[in-house]
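File shown here: query-v6.cif, holding mmCIF, C-alpha atoms.
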```cif
data_input
loop_
_atom_site.label_atom_id
_atom_site.label_comp_id
_atom_site.auth_asym_id
_atom_site.auth_seq_id
_atom_site.Cartn_x
_atom_site.Cartn_y
_atom_site.Cartn_z
CA MET A 1 -68.32 -52.41 11.68
CA LYS A 2 -70.26 -49.67 13.42
CA GLY A 3 -70.33 -49.54 17.21
CA VAL A 4 -71.54 -47.18 19.92
CA LYS A 5 -69.62 -45.26 22.57
CA LEU A 6 -71.43 -43.67 25.52
CA LEU A 7 -69.78 -40.34 26.33
CA GLY A 8 -72.04 -39.08 29.12
CA ASN A 9 -73.96 -35.83 29.16
CA ARG A 10 -76.68 -37.58 27.09
CA THR A 11 -74.22 -38.11 24.28
CA LEU A 12 -73.39 -41.20 22.29
CA VAL A 13 -71.39 -41.53 19.14
CA LEU A 14 -71.20 -44.13 16.42
CA HIS A 15 -67.65 -45.20 15.53
CA ASN A 16 -66.06 -47.56 13.04
CA PHE A 17 -64.33 -50.55 14.63
CA PRO A 18 -62.48 -53.48 13.03
CA ASP A 19 -64.73 -56.47 12.28
CA PRO A 20 -64.10 -59.28 14.78
CA LYS A 21 -62.76 -62.59 13.45
CA ALA A 22 -63.57 -66.06 14.80
CA LYS A 23 -60.55 -67.77 16.35
CA ASP A 24 -60.37 -71.09 18.19
CA ASP A 25 -63.55 -71.36 20.29
CA TRP A 26 -64.43 -67.67 19.94
CA ILE A 27 -67.43 -67.17 17.64
CA VAL A 28 -68.69 -64.09 15.78
CA ILE A 29 -72.39 -63.29 16.01
CA ALA A 30 -74.35 -60.72 14.05
CA VAL A 31 -76.09 -58.71 16.76
CA LYS A 32 -79.85 -58.71 16.27
CA ALA A 33 -80.81 -57.14 19.63
CA SER A 34 -78.88 -55.35 22.36
CA ALA A 35 -80.88 -54.02 25.30
CA LEU A 36 -80.07 -51.01 27.42
CA CYS A 37 -79.43 -51.82 31.07
CA GLY A 38 -79.54 -49.37 33.96
CA SER A 39 -75.74 -49.38 33.99
CA ASP A 40 -75.77 -48.24 30.34
CA LEU A 41 -78.30 -45.50 31.09
CA ASN A 42 -76.26 -44.27 34.06
CA CYS A 43 -73.30 -43.88 31.72
CA PHE A 44 -75.40 -42.15 29.07
CA TYR A 45 -76.92 -39.63 31.49
CA ARG A 46 -73.98 -39.00 33.82
CA VAL A 47 -72.82 -35.41 33.93
CA ASP A 48 -69.10 -36.06 34.37
CA SER A 49 -67.73 -36.84 30.92
CA LYS A 50 -64.14 -37.07 32.23
CA ASN A 51 -64.79 -40.60 33.46
CA ALA A 52 -66.31 -41.95 30.28
CA TYR A 53 -67.89 -45.39 30.23
CA ASN A 54 -65.13 -48.03 30.22
CA ASN A 55 -62.85 -45.08 29.50
CA ASN A 56 -64.36 -45.63 26.04
CA ASN A 57 -62.02 -48.57 25.52
CA PHE A 58 -64.88 -51.01 24.91
CA ILE A 59 -68.21 -51.02 23.13
CA PRO A 60 -71.03 -51.28 25.72
CA GLY A 61 -73.87 -53.78 25.62
CA HIS A 62 -74.11 -56.89 27.80
CA GLU A 63 -77.73 -57.89 27.08
CA VAL A 64 -77.31 -59.37 23.62
CA ALA A 65 -78.84 -61.87 21.21
CA GLY A 66 -77.94 -62.62 17.62
CA GLU A 67 -77.12 -65.13 14.93
CA ILE A 68 -73.81 -66.92 14.49
CA VAL A 69 -72.05 -65.79 11.31
CA GLU A 70 -68.50 -67.15 11.72
CA VAL A 71 -66.89 -70.05 13.59
CA ASP A 72 -63.37 -71.44 13.68
CA ASN A 73 -63.12 -74.40 16.06
CA ALA A 74 -66.62 -74.65 17.55
CA GLU A 75 -67.76 -77.93 19.12
CA ARG A 76 -71.53 -77.55 19.45
CA LEU A 77 -72.67 -74.44 17.57
CA LYS A 78 -72.62 -73.56 13.87
CA VAL A 79 -73.28 -70.70 11.50
CA GLY A 80 -76.95 -69.80 11.47
CA ASN A 81 -77.67 -70.74 15.10
CA ARG A 82 -79.73 -68.19 17.04
CA VAL A 83 -78.14 -67.44 20.42
CA LEU A 84 -78.20 -65.25 23.49
CA VAL A 85 -75.01 -64.16 25.21
CA TYR A 86 -74.02 -64.96 28.78
CA PRO A 87 -71.81 -61.88 29.33
CA ILE A 88 -69.46 -63.07 32.10
CA ILE A 89 -66.38 -64.89 30.84
CA GLY A 90 -64.71 -66.80 33.66
CA CYS A 91 -61.10 -67.93 33.78
CA GLY A 92 -62.26 -71.55 33.64
CA SER A 93 -59.80 -72.85 36.21
CA CYS A 94 -60.62 -71.28 39.59
CA PHE A 95 -62.84 -72.88 42.24
CA TYR A 96 -65.87 -70.82 41.20
CA CYS A 97 -65.55 -71.55 37.48
CA ARG A 98 -65.02 -75.27 38.08
CA ASN A 99 -68.19 -75.32 40.20
CA GLY A 100 -70.41 -73.39 37.79
CA ASN A 101 -70.34 -70.05 39.59
CA ILE A 102 -68.61 -68.06 36.88
CA LYS A 103 -69.99 -64.74 38.07
CA TYR A 104 -67.85 -65.04 41.23
CA CYS A 105 -64.61 -65.62 39.31
CA GLU A 106 -62.05 -63.07 40.47
CA ASN A 107 -60.41 -63.10 37.05
CA SER A 108 -63.58 -62.82 34.98
CA LYS A 109 -64.13 -60.40 32.13
CA SER A 110 -67.52 -59.01 31.22
CA ILE A 111 -68.76 -58.36 27.73
CA GLY A 112 -69.68 -54.70 27.42
CA PHE A 113 -67.49 -53.70 30.37
CA ASP A 114 -64.06 -55.30 29.92
CA LEU A 115 -64.49 -56.53 26.34
CA ASN A 116 -66.43 -55.17 23.37
CA GLY A 117 -70.17 -55.57 23.81
CA GLY A 118 -73.28 -55.89 21.71
CA ASP A 119 -73.95 -52.25 20.85
CA ALA A 120 -72.34 -52.94 17.49
CA GLU A 121 -73.00 -54.88 14.31
CA PHE A 122 -70.95 -57.92 15.39
CA LEU A 123 -69.72 -59.45 18.63
CA LEU A 124 -66.94 -61.94 19.40
CA VAL A 125 -67.88 -64.41 22.17
CA PRO A 126 -66.51 -67.74 23.46
CA GLU A 127 -68.71 -70.65 22.42
CA ARG A 128 -69.28 -71.59 26.07
CA ASN A 129 -70.98 -68.21 26.60
CA LEU A 130 -73.60 -68.70 23.89
CA ILE A 131 -76.97 -70.24 24.68
CA PRO A 132 -79.11 -71.43 21.73
CA ILE A 133 -82.59 -69.93 21.54
CA PRO A 134 -85.60 -71.50 19.83
CA ASP A 135 -87.17 -69.91 16.76
CA ASP A 136 -90.31 -68.90 18.67
CA ILE A 137 -88.39 -66.53 20.98
CA SER A 138 -87.59 -63.17 19.39
CA PHE A 139 -84.09 -61.76 19.53
CA GLU A 140 -85.46 -58.84 21.57
CA VAL A 141 -86.88 -61.14 24.25
CA ALA A 142 -83.75 -63.32 24.21
CA ALA A 143 -81.53 -60.29 24.80
CA LEU A 144 -83.39 -59.63 28.05
CA ILE A 145 -83.29 -63.18 29.41
CA TRP A 146 -79.89 -63.26 31.09
CA ASP A 147 -79.83 -59.87 32.83
CA GLY A 148 -83.58 -59.72 33.41
CA ILE A 149 -84.07 -63.27 34.70
CA CYS A 150 -80.91 -65.31 35.17
CA CYS A 151 -78.92 -62.64 36.98
CA ASN A 152 -81.73 -62.04 39.47
CA TYR A 153 -82.21 -65.73 40.22
CA ASN A 154 -78.48 -66.55 40.44
CA ILE A 155 -78.65 -68.74 37.34
CA THR A 156 -75.26 -69.30 35.73
CA ILE A 157 -74.43 -70.71 32.33
CA ASN A 158 -73.43 -74.06 33.85
CA SER A 159 -76.75 -74.55 35.65
CA GLN A 160 -79.62 -76.64 34.36
CA PHE A 161 -81.34 -73.55 32.93
CA ARG A 162 -82.78 -74.20 29.47
CA ILE A 163 -84.73 -71.92 27.20
#
```

Can I see the file as structure tokens?
Amino acid sequence: MKGVKLLGNRTLVLHNFPDPKAKDDWIVIAVKASALCGSDLNCFYRVDSKNAYNNNNFIPGHEVAGEIVEVDNAERLKVGNRVLVYPIIGCGSCFYCRNGNIKYCENSKSIGFDLNGGDAEFLLVPERNLIPIPDDISFEVAALIWDGICCNYNITINSQFRI
């Protein structure tokens, strides 16, 4: 699959990466929209290319929406579902995760920062981090929902937030 790397100095490159494969509760989505956040733009425009974004170990993109194309052992979602991505993956066992405050997990990983993100053709995400979106919401709007709304209002994936 094709994916982006942000090199700084107003430079980005398109690279070939291995296609992700669904395994256990991790699902593959075909990315339909991936928005640029201020953190992405800072990395794109920064002058110092020695400290490349994520040391260029991961594909950026944490504001993502797409369609499920492959599942292995999913419980509630299936191929063809339209989803947005909650980008913070908690450990699942700490106090914060158990109480629905995943973004405070000290062992969390973030899609687009610690793991490959949505600036690619496909993305591998745990099922618990995918939120179904209705047909009347575009992928572009859905990609903006988490970072643009939920993050600012302290809404986590375990809250009562529904689209």

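Excluding Pro20 in chain A and any residue on its chain fewer than 2 positions from it, the residues at most 9 Å away by only C-alpha atoms are A:Met1, A:Phe17, A:Pro18, A:Ala22, A:Val28, A:Phe122, A:Leu123, A:Leu124.
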
task: Might you spell out which residues the PyMOL selection byres ((chain A and resi 130-137) around 6) would select in the displayed file, as a list in words?
output: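 What the PyMOL selection byres ((chain A and resi 130-137) around 6) grabs from the file is Arg82, Val83, Leu84, Val85, Glu127, Arg128, Asn129 and Ser138 of chain A.
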
- prompt: Pick the closest to Val13 in chain A from A:Asp119, A:Val125, A:Phe113, A:Pro87: which is it, counting only C-alpha atoms?
  reply: A:Asp119

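When CA of Asp72 in chain A is paired with CA of Lys23 in chain A, their separation reads 5.3 Å.
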
message: From the options A:Lys2, A:Arg76, A:Lys109, A:Arg10, which residue's atoms come nearest to His62 in chain A, counting all atoms listed in the file?
response: A:Lys109

task: Record the distance separating CA of Ala33 in chain A and CA of Ala143 in chain A, expressed in Å with one decimal.
output: 6.1 Å

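Counting from CA of Ser34 in chain A, the distance to CA of Leu12 in chain A is 15.2 Å.
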
I'd like the box whose edges run along x, y and z of the file and which contains every listed atom of range 110-122 of chain A, padded by 3 Å per side; could you state its centre and edge lengths in Å, one decimal, as JSON?
```
{"center_x": -69.0, "center_y": -55.6, "center_z": 22.8, "size_x": 15.9, "size_y": 12.8, "size_z": 22.9}
```

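Restricting the calculation to all atoms listed in the file, the smallest distance between Trp146 in chain A and any of A:Cys105, A:Ala65, A:Leu115, A:Val79 is found for A:Ala65.
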
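Among the candidate residues A:Val31, A:Ala120, A:Leu7, A:Val69, the one lying nearest to Phe44 in chain A is A:Leu7, with distances computed using all atoms listed in the file.
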
task: Go through the shown structure with the PyMOL selection byres ((chain A and resi 110) around 10) and write out the matching residues as an MDAnalysis selection string.
output: chainID A and resid 61:62 86:90 103 108:109 111:117

field: Near-Asp24 in chain A list (9 Å; all atoms listed in the file; drop same-chain fewer than 6 positions) as a VMD selection string
entry: chain A and resid 71 to 74 126

Could the residues in this selection be saved with C-alpha atoms as a short mmCIF file (atom, residue, chain, number, x, y, z; two decimals), in the frame of the given file?
```
data_model
loop_
_atom_site.label_atom_id
_atom_site.label_comp_id
_atom_site.auth_asym_id
_atom_site.auth_seq_id
_atom_site.Cartn_x
_atom_site.Cartn_y
_atom_site.Cartn_z
CA VAL A 71 -66.89 -70.05 13.59
CA ASP A 72 -63.37 -71.44 13.68
CA ASN A 73 -63.12 -74.40 16.06
CA ALA A 74 -66.62 -74.65 17.55
CA PRO A 126 -66.51 -67.74 23.46
#
```

task: Could you tell me which of A:Lys32, A:Arg98, A:Lys21, A:Arg46 comes closest to Glu63 in chain A if we count all atoms listed in the file?
output: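 Selected residue with least distance to Glu63 in chain A: A:Lys32.
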